[in-house]
Structure formats: structure tokens, C-alpha cells
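Structure first, commentary second.
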Amino acid sequence: MSRPADPAVAAPGLLEKLVAAVRPEFRTDVLVFTAADPVFSSGVCLVDGCKLAARAAGMCDGHSQRWKKAGRPDRGQLPAAVTAPWLGHGPLPSGHCLVGGCGFGVARRGLCRRHADRWRSAGQPDPGRWAAAQPAVRQPAAPSCQISYCEVWAHPGSPFCWNHNRRRERHGCPDPAQFARQCEASRDARERADLSPLPRQLKLELQYALQRRRDDNTTRARPADIRAVIKVLAASGTPSLLSLGEWEWRSRVPAGADKSGQRAALLIYAHRQVTALAEGEGGWDSEYPRDTWRASRLGIAGAGQATLQFGGIIQPWLKDLTKRWIRSRISAGLSMPACSSGIRAVTRFSAFAARAGVQGLHQADRELLERYLASLHRELSGKAGALRDSVGELNTFLLAIRSHGWDQSLCATAMFFPGDYPREPQRLPRALAAHVMAQAEDPANLDRWANPAYRLITVILIRSGLRVSSAAGLAWAGARWRVGGWWCAGWAGPGRPR
């Protein structure tokens, strides 16, 4: 189940802002992206002459499949099996007839159609030997095939060679000039995203978000992900991205088709960009009423695109108190993760209060908290850390309400005591067992070190009681002491041996 959507945001003048902001190259129903685009592509295939976008191993899908089939050779020296032209986009692999001087295309067993008929009449001997014994063709050369890269003679009665003429027939005999252009054109190196299924404003909003992604030039957005986002937007039936909240949009992206999370991230990015355009500069006045607070809109330095989610708190009176508490914590300099931990604790209590039928803070007394503790122990069984955080954050929240006077109806008994917190689990001893240390200190075992410096370091660590990681973190000191006949530089710290 997704979190509740944010309240509908009134955005007067948003359409006019979008019309003024979207540049002409993005204001089109079909956006076209080249493989060399720094944002909307993953780069150009490394095979010379290929202009398609790289997908795997620095190559396009087709060339990467050829590369794997060829045994994954060195990508700096790709064999012809990988770099050969695609079927229909390069010289015919069969070439021309085996008979000397004959430039017609191969129809059967390396022979053109005419010589193949003669070979068949001769009893179908070895084609190579038979062709070598035939007199060279001395008739004037026929015109070449109209395909520019094809050097085979044109078949009588056709502007194309035998093989290209058969290919044209299989395609329904299109216009010869059109067929020649199709054969000579390289595979389309461009990818497209069709925005025509979207209503006008929603289309402009996505165009604006993609324009912002291009201007940011920090994260790639693959055309396949853009097309998937268009499907989600078109299926929603909404006229604007602002009609739904971030969590609602995120829930509409099929999880199975978005394993990397890039499509949901692009959709959320678009929502935030359009929201920022609609609301202007942002700040507490515009962000406080929302169920999702964005650090970037609040001007919190170093928090990036982090958000705080209040949508899971069911009761309006509890949600308002939580927002006041979190705002005070942010003002005091607490980090976003610390604030998120507090919101999670209140969200858990909100779900319990809804089941218990609590109608207001005045009903939150000690008896209710004891019932909540029992429920929390059952819910977080085996998770002592999460249980401790939930109790501690909720207690801090109640203390903040009482100390700031945010709600005078809070009962004086509504608090937790030290005994309410889960006990710290007993930790295993960190010291090594005596028989293990005896083996480590045994001179015979120490002598197994091939490098005497390693043996010395082992002795130092044993006598000082330090771990390797702890020793590496100590400050350097100029003092020296003797260990086993060796003088060595010392460390400054409480673990220094005497």
C-alpha cells in the first residue's frame, strides 16, 4: 500500500510558466535522442562506424551479442566476426561467381544462375574445380548493382544484382530508389520518446523535467526509462504531475520492471521540478503544510534530495505536533536521518493509537504507553536496536511537547522510564582464549614468519594489547623501546608497552 498523496496543490499560472520555460527543442511530441547525448544516452558503441548507444561492455546490443558469441575477445582488437556489417547494410558475403571474369552474383554453390545451370548439366562435380576449368568470361561487363557498396553485376532485366533483387522481391518490390536508400542507410542510431499520449499540461511538465535533467547534466535518463514513465503518466488519467503526491506516483511504477529504481527516480524528479516551478523559491511557508518535506526546498545544506515523510501519521493532531517537533530539531542542527528516525517512531505510535481508538493527546497516559510497549515488543521481537530507538524517540517527542507547551492536554504521566527500555544484550568477550594466545606466543610459531619485520610487529601487538586496526590509527611518537632485541619507533597512546 502506498502512502497517502500530498494534498492537491493549487498552481495558478503553472501552464503559462511551462509555456515560457520549455525550449523549442523539447516542445515536440516526439523527442529524439542521439547516442552521443551526454544525458539521454550511455555513450556510443566502441565499434568503428557504429553510431548506436552502448549497452553492455561498451557496445550496442547487437555488437555485444556478437562479441560474446566470439568468445569475448580483446575489445581493442575486435575480429571481423564482431565488426562485420549487418545483414543488408554491407557487401554481400557471397561475392560474385567463381568462374573467372564473371561478375554476376552467386545463386548456388558459389556460381551465378547461368553457370549454376551449366554445372548442374555437367553432373554437379566439385564446384571449385569445375569453375576453374571453365573459360573466362570475355563478354563486356554488365552494369553494376545500384547499391553503392555492391560490386556485383546487375541481374539482366533488373537494376540490382541477383541477391539484392531477390531481397527486394521479398519486401514487396518497393520503388528501386527507395530500396537502395534503405539498404545504404545505417541502422537508426537515434532513440525516441513519444509524448503524444499525454494531455497538454502533463506533456509540458514532462518536457520541462527532461529539459531540467539535461541542464543539470548530473544523472543519465535512458530513453527506455523515459518511455516507461510516459506509460505511467498516460495510464494515470491525471492532467498534472501535481495531482498526486510523490509516494502515490512511486507506487504506480511496476516494481518488477524497475529493478534499478531509475524509472521511479525520474518520475519523482519530474514531480519535484514541476513543484518547484509552480511554487517558486520554496521555504518553510510552502513546505510546512505538505506531507513530504524536501531538504532542497528547505535550504538544508548537504542533504541533497533527502525527504521527510509525514504521510504515514494518520491523526491530524499528531501529525501537526510531529511537524513542529521536527522543525525544531532541524533548526537545532539535527541531521535528516535523525529526524527520519523520529518520524518513524511517531508513525508506529500513530498506527497503534488508531487501533486503540485514541481521539486526542489527552488520552495518551501511562496506561496507554504501557499497552503500546507490549505491542511494540511483539512487533519488533528480536530487533532490540529498533525497539530501543522507537521508545527513545517517542519519549523525546513527548518531552518536547511538554517542555515547549505545544499541547497542555498531555498527561503528566505520559513518559517512559529507564526500565522501559530493552536491556542491552550481553556482549561476547573480546579477549582471545588462553590456549589461542599460547599458540600465538609460541616462539616456534612466531619463527614461521618469513619476514622478521612481520614477526616483530606480531610481538608488539601481543605485548601492547592492540589490534592491527587500532595500531594503525594511533599517532606517531618519537619514543623507542626494545622488544626481543629490536629497537623500534613507538606509538603515543594508552596501549604503549612499558
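Each chain in the C-alpha cells gets a letter, A, B, ..., in the order shown, and its residues are numbered from 1; ligands are numbered from 1 in order too.
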
I want to know what sits within 12 Å of Gly157 (chain A), based on only C-alpha atoms, with residues of the same chain fewer than 4 positions away left out; could you give that as a short mmCIF file (atom, residue, chain, number, x, y, z; two decimals) with N, CA and C atoms, in the first residue's frame?
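Contents of the output file selection18.cif:
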data_model
loop_
_atom_site.label_atom_id
_atom_site.label_comp_id
_atom_site.auth_asym_id
_atom_site.auth_seq_id
_atom_site.Cartn_x
_atom_site.Cartn_y
_atom_site.Cartn_z
N ALA A 142 28.66 -6.22 -67.48
CA ALA A 142 27.31 -5.70 -67.29
C ALA A 142 27.35 -4.56 -66.28
N PRO A 143 26.32 -3.69 -66.26
CA PRO A 143 26.29 -2.61 -65.25
C PRO A 143 26.23 -3.18 -63.85
N CYS A 145 25.34 -3.41 -59.76
CA CYS A 145 24.14 -3.25 -58.93
C CYS A 145 24.03 -1.79 -58.47
N TRP A 153 27.57 -7.61 -60.68
CA TRP A 153 26.84 -7.15 -61.85
C TRP A 153 25.33 -7.22 -61.60
N CYS A 161 21.64 -6.63 -58.40
CA CYS A 161 22.21 -7.95 -58.60
C CYS A 161 21.18 -9.02 -58.23
N TRP A 162 21.57 -10.28 -58.44
CA TRP A 162 20.64 -11.39 -58.20
C TRP A 162 20.14 -11.41 -56.75
N ASN A 165 18.11 -8.27 -55.79
CA ASN A 165 16.83 -8.29 -56.47
C ASN A 165 15.86 -9.23 -55.75
#

Select from region 339-391 of chain A every residue with an atom at most 7 Å from any atom of region 299-320 of chain A, then for each give the shortest pair of atoms and their distance in Å to one decimal, using only C-alpha atoms, rows by chain and rising number, as CSV.
residue,atom,partner,partner_atom,distance
A:Ser340,CA,A:Leu308,CA,6.1
A:Thr347,CA,A:Ile313,CA,5.0
A:Ser350,CA,A:Ile313,CA,5.6

What is the CA of Ile326 (chain A)-CA of Val391 (chain A) distance in Å, reported with one decimal?
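If I compute the distance from CA of Ile326 (chain A) to CA of Val391 (chain A), I get 16.7 Å.
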
Name the residues of region 28-198 of chain A that come out as helix (DSSP H, G or I) in a backbone DSSP run; write them as a ChimeraX atom specification.
/A:61-69,80-83,113-121,127-133,162-170,176-184

With N, CA and C atoms retained, could you export that selection as a tab-separated table (two decimals), in the first residue's frame?
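Written out: selection-v4.tsv:
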chain	number	residue	atom	x	y	z
A	61	ASP	N	23.70	-3.42	-28.27
A	61	ASP	CA	23.19	-4.76	-28.01
A	61	ASP	C	23.67	-5.76	-29.06
A	62	GLY	N	23.58	-5.37	-30.33
A	62	GLY	CA	23.96	-6.29	-31.40
A	62	GLY	C	25.43	-6.65	-31.37
A	63	HIS	N	26.30	-5.65	-31.24
A	63	HIS	CA	27.73	-5.94	-31.23
A	63	HIS	C	28.15	-6.66	-29.95
A	64	SER	N	27.50	-6.37	-28.83
A	64	SER	CA	27.86	-7.09	-27.60
A	64	SER	C	27.48	-8.56	-27.71
A	65	GLN	N	26.36	-8.87	-28.39
A	65	GLN	CA	25.99	-10.26	-28.60
A	65	GLN	C	26.99	-10.96	-29.50
A	66	ARG	N	27.42	-10.28	-30.57
A	66	ARG	CA	28.46	-10.85	-31.43
A	66	ARG	C	29.76	-11.07	-30.65
A	67	TRP	N	30.09	-10.10	-29.79
A	67	TRP	CA	31.33	-10.18	-29.00
A	67	TRP	C	31.29	-11.38	-28.06
A	68	LYS	N	30.17	-11.61	-27.40
A	68	LYS	CA	30.04	-12.76	-26.50
A	68	LYS	C	30.10	-14.06	-27.29
A	69	LYS	N	29.46	-14.10	-28.47
A	69	LYS	CA	29.46	-15.30	-29.29
A	69	LYS	C	30.86	-15.62	-29.80
A	80	ALA	N	36.76	-9.67	-37.23
A	80	ALA	CA	35.77	-9.32	-38.25
A	80	ALA	C	34.41	-9.90	-37.94
A	81	ALA	N	34.39	-11.01	-37.19
A	81	ALA	CA	33.10	-11.60	-36.83
A	81	ALA	C	32.26	-10.66	-36.00
A	82	VAL	N	32.90	-9.73	-35.31
A	82	VAL	CA	32.18	-8.75	-34.49
A	82	VAL	C	31.88	-7.47	-35.26
A	83	THR	N	32.85	-7.01	-36.04
A	83	THR	CA	32.73	-5.71	-36.70
A	83	THR	C	32.14	-5.79	-38.09
A	113	ARG	N	23.60	-17.75	-61.61
A	113	ARG	CA	22.48	-18.59	-62.04
A	113	ARG	C	22.79	-19.30	-63.36
A	114	ARG	N	23.40	-18.59	-64.30
A	114	ARG	CA	23.70	-19.18	-65.60
A	114	ARG	C	24.73	-20.30	-65.47
A	115	HIS	N	25.84	-20.04	-64.75
A	115	HIS	CA	26.86	-21.06	-64.60
A	115	HIS	C	26.39	-22.20	-63.71
A	116	ALA	N	25.48	-21.92	-62.80
A	116	ALA	CA	24.94	-23.00	-61.97
A	116	ALA	C	24.13	-23.98	-62.81
A	117	ASP	N	23.39	-23.46	-63.81
A	117	ASP	CA	22.64	-24.36	-64.71
A	117	ASP	C	23.60	-25.25	-65.50
A	118	ARG	N	24.72	-24.68	-65.99
A	118	ARG	CA	25.70	-25.47	-66.74
A	118	ARG	C	26.38	-26.50	-65.83
A	119	TRP	N	26.66	-26.11	-64.60
A	119	TRP	CA	27.29	-27.03	-63.65
A	119	TRP	C	26.37	-28.21	-63.34
A	120	ARG	N	25.08	-27.92	-63.23
A	120	ARG	CA	24.11	-28.99	-62.96
A	120	ARG	C	24.03	-29.95	-64.14
A	121	SER	N	24.08	-29.38	-65.35
A	121	SER	CA	24.04	-30.23	-66.55
A	121	SER	C	25.29	-31.09	-66.67
A	127	PRO	N	32.32	-27.83	-57.32
A	127	PRO	CA	32.09	-26.50	-57.92
A	127	PRO	C	33.39	-25.73	-58.15
A	128	GLY	N	34.34	-25.80	-57.22
A	128	GLY	CA	35.57	-25.04	-57.38
A	128	GLY	C	36.39	-25.51	-58.55
A	129	ARG	N	36.57	-26.86	-58.65
A	129	ARG	CA	37.35	-27.39	-59.77
A	129	ARG	C	36.65	-27.16	-61.11
A	130	TRP	N	35.32	-27.31	-61.09
A	130	TRP	CA	34.58	-27.10	-62.33
A	130	TRP	C	34.70	-25.66	-62.80
A	131	ALA	N	34.57	-24.69	-61.86
A	131	ALA	CA	34.67	-23.27	-62.22
A	131	ALA	C	36.06	-22.93	-62.74
A	132	ALA	N	37.12	-23.56	-62.15
A	132	ALA	CA	38.48	-23.27	-62.60
A	132	ALA	C	38.73	-23.77	-64.01
A	133	ALA	N	38.00	-24.82	-64.42
A	133	ALA	CA	38.20	-25.37	-65.76
A	133	ALA	C	37.40	-24.65	-66.83
A	162	TRP	N	21.57	-10.28	-58.44
A	162	TRP	CA	20.64	-11.39	-58.20
A	162	TRP	C	20.14	-11.41	-56.75
A	163	ASN	N	21.06	-11.30	-55.80
A	163	ASN	CA	20.66	-11.39	-54.39
A	163	ASN	C	19.88	-10.18	-53.94
A	164	HIS	N	20.31	-8.98	-54.32
A	164	HIS	CA	19.56	-7.79	-53.91
A	164	HIS	C	18.20	-7.74	-54.60
A	165	ASN	N	18.11	-8.27	-55.79
A	165	ASN	CA	16.83	-8.29	-56.47
A	165	ASN	C	15.86	-9.23	-55.75
A	166	ARG	N	16.36	-10.39	-55.28
A	166	ARG	CA	15.50	-11.31	-54.53
A	166	ARG	C	15.08	-10.68	-53.20
A	167	ARG	N	15.97	-9.97	-52.58
A	167	ARG	CA	15.62	-9.30	-51.32
A	167	ARG	C	14.54	-8.25	-51.56
A	168	ARG	N	14.65	-7.52	-52.64
A	168	ARG	CA	13.63	-6.51	-52.98
A	168	ARG	C	12.29	-7.17	-53.21
A	169	GLU	N	12.28	-8.33	-53.86
A	169	GLU	CA	11.02	-9.04	-54.09
A	169	GLU	C	10.38	-9.49	-52.78
A	170	ARG	N	11.23	-9.93	-51.82
A	170	ARG	CA	10.69	-10.36	-50.52
A	170	ARG	C	10.08	-9.20	-49.76
A	176	PRO	N	12.66	1.19	-56.69
A	176	PRO	CA	14.11	0.88	-56.67
A	176	PRO	C	14.94	1.91	-55.92
A	177	ALA	N	14.65	3.18	-56.11
A	177	ALA	CA	15.42	4.22	-55.43
A	177	ALA	C	15.21	4.15	-53.91
A	178	GLN	N	13.97	3.89	-53.50
A	178	GLN	CA	13.68	3.78	-52.06
A	178	GLN	C	14.38	2.55	-51.47
A	179	PHE	N	14.35	1.44	-52.20
A	179	PHE	CA	15.00	0.22	-51.71
A	179	PHE	C	16.51	0.43	-51.59
A	180	ALA	N	17.10	1.14	-52.54
A	180	ALA	CA	18.54	1.40	-52.48
A	180	ALA	C	18.88	2.25	-51.27
A	181	ARG	N	18.04	3.26	-50.97
A	181	ARG	CA	18.29	4.10	-49.79
A	181	ARG	C	18.20	3.30	-48.50
A	182	GLN	N	17.22	2.38	-48.45
A	182	GLN	CA	17.07	1.56	-47.24
A	182	GLN	C	18.28	0.65	-47.03
A	183	CYS	N	18.82	0.12	-48.11
A	183	CYS	CA	19.99	-0.76	-47.97
A	183	CYS	C	21.23	0.02	-47.57
A	184	GLU	N	21.38	1.24	-48.08
A	184	GLU	CA	22.59	2.02	-47.82
A	184	GLU	C	22.54	2.75	-46.49

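Ranking A:Ala338, A:Val22, A:Leu368, A:Val468 by their shortest atom-to-atom distance to Gln201 (chain A), with only C-alpha atoms included, puts A:Val22 first.
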
Do a neighbour search on region 394-409 of chain A at 7 Å with only C-alpha atoms, toss out local chain neighbours closer than 2 positions, and write the hits as a short mmCIF file (atom, residue, chain, number, x, y, z; two decimals) with C-alpha atoms, in the first residue's frame.
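Once written, selection_23.cif looks like this:
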data_model
loop_
_atom_site.label_atom_id
_atom_site.label_comp_id
_atom_site.auth_asym_id
_atom_site.auth_seq_id
_atom_site.Cartn_x
_atom_site.Cartn_y
_atom_site.Cartn_z
CA TRP A 325 8.91 18.82 16.70
CA ALA A 345 8.81 6.27 15.85
CA VAL A 346 5.76 8.57 15.83
CA LEU A 361 -3.36 13.67 23.03
CA HIS A 362 -5.24 13.90 26.32
CA SER A 390 11.30 3.66 18.89
CA VAL A 391 10.93 4.02 22.65
CA GLY A 392 13.64 6.67 22.95
CA CYS A 411 -0.93 13.90 30.74
CA MET A 415 6.51 9.27 29.75
CA PHE A 416 8.85 6.31 29.64
#

For region 228-241 of chain A, work out the shell of residues within 6 Å, counting only C-alpha atoms and skipping chain neighbours fewer than 5 positions away, then give it as a PyMOL selection string.
chain A and resi 198+202+271

Output file for the selection above: C-alpha atoms, as a PDB file, in the first residue's frame:
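Result file follows (again-v2.pdb):
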ATOM      1  CA  LEU A 198      -0.192  12.780 -22.663  1.00  0.00           C
ATOM      2  CA  LEU A 202       1.201  16.910 -18.418  1.00  0.00           C
ATOM      3  CA  HIS A 271       7.348  15.884  -9.762  1.00  0.00           C
TER       4      HIS A 271
END

Calculated over only C-alpha atoms, which of the candidates A:Ser42, A:Thr292, A:Ser331, A:Thr413 has the smallest distance to Ala364 (chain A)?
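For Ala364 (chain A), the nearest of the given residues is A:Thr413.
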
Would you mind telling me which residue in A:Arg290, A:Ser375, A:Trp284, A:Arg448 lies nearest to Ile330 (chain A) when using only C-alpha atoms?
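Comparing A:Arg290, A:Ser375, A:Trp284, A:Arg448 against Ile330 (chain A), the winner is A:Trp284.
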
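For the atom pair formed by CA of Glu379 (chain A) and CA of Glu393 (chain A), the distance is 16.6 Å, given to one decimal.
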
For the strand (DSSP E or B) assignment from backbone DSSP, which residues of region 10-154 of chain A qualify? Please present them as a list in words.
Val30, Leu31, Val32, Phe33, Thr34, Val44, Ala53, Ala56, Met59, His96, Phe104, Gly105, Arg108, Leu111, Ser144 and Trp153 of chain A

Surrounding residues of Ala257 (chain A) excluding itself and chain neighbours under 2 positions, 12 Å, only C-alpha atoms, as a PyMOL selection string
chain A and resi 224-225+228-229+232+252-255+259-264

Within 12 Å of Tyr269 (chain A), counting only C-alpha atoms, which residues qualify if same-chain residues fewer than 4 places away don't, as a compact mmCIF listing (two decimals) with N, CA and C atoms, in the first residue's frame?
# COMPACT_ATOMS: atom_id res chain seq x y z
N GLU A 205 4.83 19.42 -18.65
CA GLU A 205 5.53 19.18 -17.39
C GLU A 205 6.67 18.18 -17.56
N LEU A 206 6.42 17.09 -18.29
CA LEU A 206 7.48 16.12 -18.52
C LEU A 206 8.58 16.71 -19.40
N TYR A 208 9.45 19.80 -19.50
CA TYR A 208 10.22 20.71 -18.63
C TYR A 208 11.17 19.92 -17.73
N ALA A 209 10.69 18.79 -17.18
CA ALA A 209 11.55 17.99 -16.31
C ALA A 209 12.74 17.42 -17.07
N LEU A 210 12.52 16.95 -18.30
CA LEU A 210 13.62 16.44 -19.11
C LEU A 210 14.59 17.55 -19.49
N GLN A 211 14.06 18.72 -19.73
CA GLN A 211 14.93 19.87 -20.01
C GLN A 211 15.79 20.20 -18.80
N ARG A 212 15.20 20.14 -17.60
CA ARG A 212 15.96 20.39 -16.37
C ARG A 212 17.02 19.30 -16.17
N ARG A 213 16.68 18.04 -16.49
CA ARG A 213 17.65 16.96 -16.35
C ARG A 213 18.84 17.19 -17.29
N ASP A 216 20.89 20.06 -15.78
CA ASP A 216 21.65 19.64 -14.60
C ASP A 216 22.88 18.85 -14.99
N THR A 219 22.89 13.29 -13.92
CA THR A 219 22.40 11.92 -13.91
C THR A 219 21.82 11.58 -15.27
N ALA A 221 19.38 9.72 -18.00
CA ALA A 221 17.99 9.26 -18.10
C ALA A 221 17.85 8.54 -19.43
N ILE A 226 12.44 6.81 -19.96
CA ILE A 226 11.52 7.92 -20.28
C ILE A 226 10.24 7.36 -20.88
N VAL A 229 8.10 5.95 -18.13
CA VAL A 229 7.45 7.00 -17.35
C VAL A 229 6.25 7.56 -18.11
N LEU A 241 1.20 16.42 -12.98
CA LEU A 241 2.01 15.70 -12.01
C LEU A 241 1.64 16.07 -10.59
N GLU A 246 4.24 12.30 -4.22
CA GLU A 246 5.40 11.52 -4.63
C GLU A 246 5.20 10.04 -4.34
N TRP A 249 2.84 8.44 -6.86
CA TRP A 249 3.49 8.22 -8.15
C TRP A 249 4.45 7.04 -8.08
N ARG A 250 5.20 6.97 -6.99
CA ARG A 250 6.17 5.88 -6.85
C ARG A 250 5.47 4.52 -6.85
N GLN A 262 15.45 3.41 -11.46
CA GLN A 262 15.68 4.61 -12.25
C GLN A 262 14.38 5.25 -12.73
N ARG A 263 13.38 4.44 -13.02
CA ARG A 263 12.13 4.99 -13.55
C ARG A 263 11.35 5.73 -12.46
N ALA A 264 11.28 5.14 -11.29
CA ALA A 264 10.63 5.83 -10.17
C ALA A 264 11.39 7.09 -9.82
N ALA A 265 12.73 7.04 -9.86
CA ALA A 265 13.53 8.22 -9.55
C ALA A 265 13.28 9.33 -10.55
N GLN A 273 10.58 18.92 -9.80
CA GLN A 273 10.92 20.05 -10.65
C GLN A 273 9.69 20.88 -10.99
N VAL A 274 8.59 20.20 -11.29
CA VAL A 274 7.35 20.93 -11.59
C VAL A 274 6.82 21.63 -10.35
N THR A 275 6.94 20.98 -9.19
CA THR A 275 6.51 21.62 -7.94
C THR A 275 7.32 22.87 -7.66
N ALA A 276 8.63 22.80 -7.88
CA ALA A 276 9.48 23.96 -7.66
C ALA A 276 9.13 25.09 -8.61
N ARG A 294 11.07 18.42 1.54
CA ARG A 294 12.28 18.19 0.75
C ARG A 294 13.39 19.09 1.27
N GLN A 305 18.82 15.51 -2.09
CA GLN A 305 17.40 15.35 -2.39
C GLN A 305 16.67 14.58 -1.29
N ALA A 306 17.21 14.57 -0.08
CA ALA A 306 16.57 13.84 1.03
C ALA A 306 15.19 14.42 1.33

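Minimum distance to Ala20 (chain A) across A:Leu204, A:Ala450, A:Ile343, A:Ala431 (counting only C-alpha atoms) occurs at A:Leu204.
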
Interface rows for region 133-246 of chain A against region 29-41 of chain A: nearest pair, Å to one decimal, 9 Å, only C-alpha atoms, as a tab-separated table:
residue	atom	partner	partner_atom	distance
A:Ala189	CA	A:Ala35	CA	6.3
A:Arg190	CA	A:Thr34	CA	4.6
A:Glu191	CA	A:Phe33	CA	5.2
A:Arg192	CA	A:Val32	CA	4.5
A:Ala193	CA	A:Leu31	CA	5.2
A:Asp194	CA	A:Val30	CA	4.4
A:Leu195	CA	A:Asp29	CA	5.0
A:Ser196	CA	A:Asp29	CA	5.1
A:Pro197	CA	A:Asp29	CA	8.8
A:Lys203	CA	A:Asp29	CA	8.2
A:Gln207	CA	A:Leu31	CA	9.0
A:Arg213	CA	A:Val39	CA	7.6
A:Arg214	CA	A:Val39	CA	6.0
A:Asn217	CA	A:Val39	CA	6.1
A:Thr218	CA	A:Val39	CA	7.8
A:Thr219	CA	A:Val39	CA	6.7
A:Arg220	CA	A:Val39	CA	4.6
A:Ala221	CA	A:Phe40	CA	5.0
A:Arg222	CA	A:Phe40	CA	5.2
A:Pro223	CA	A:Phe40	CA	6.3

So that I have them on file, write out the residues from the current selection with C-alpha atoms, as a short mmCIF file (atom, residue, chain, number, x, y, z; two decimals), in the first residue's frame.
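Below is the file again29.cif, written as the result:
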data_model
loop_
_atom_site.label_atom_id
_atom_site.label_comp_id
_atom_site.auth_asym_id
_atom_site.auth_seq_id
_atom_site.Cartn_x
_atom_site.Cartn_y
_atom_site.Cartn_z
CA ALA A 189 21.32 5.49 -34.26
CA ARG A 190 18.61 7.58 -32.64
CA GLU A 191 16.16 6.68 -29.90
CA ARG A 192 12.78 8.28 -29.47
CA ALA A 193 10.21 9.01 -26.80
CA ASP A 194 6.64 9.69 -27.94
CA LEU A 195 4.81 12.11 -25.62
CA SER A 196 1.67 12.38 -27.76
CA PRO A 197 -0.48 10.15 -25.44
CA LYS A 203 3.22 16.77 -21.62
CA GLN A 207 9.20 18.15 -21.24
CA ARG A 213 17.65 16.96 -16.35
CA ARG A 214 19.63 17.97 -19.44
CA ASN A 217 23.84 17.18 -16.53
CA THR A 218 24.46 15.10 -13.40
CA THR A 219 22.40 11.92 -13.91
CA ARG A 220 21.57 9.96 -17.03
CA ALA A 221 17.99 9.26 -18.10
CA ARG A 222 17.77 6.43 -20.61
CA PRO A 223 15.15 6.72 -23.36
#

If you measure from CA of Leu277 (chain A) to CA of Gly13 (chain A), what distance in Å do you get, rounded to one decimal?
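Separation between CA of Leu277 (chain A) and CA of Gly13 (chain A): 10.2 Å.
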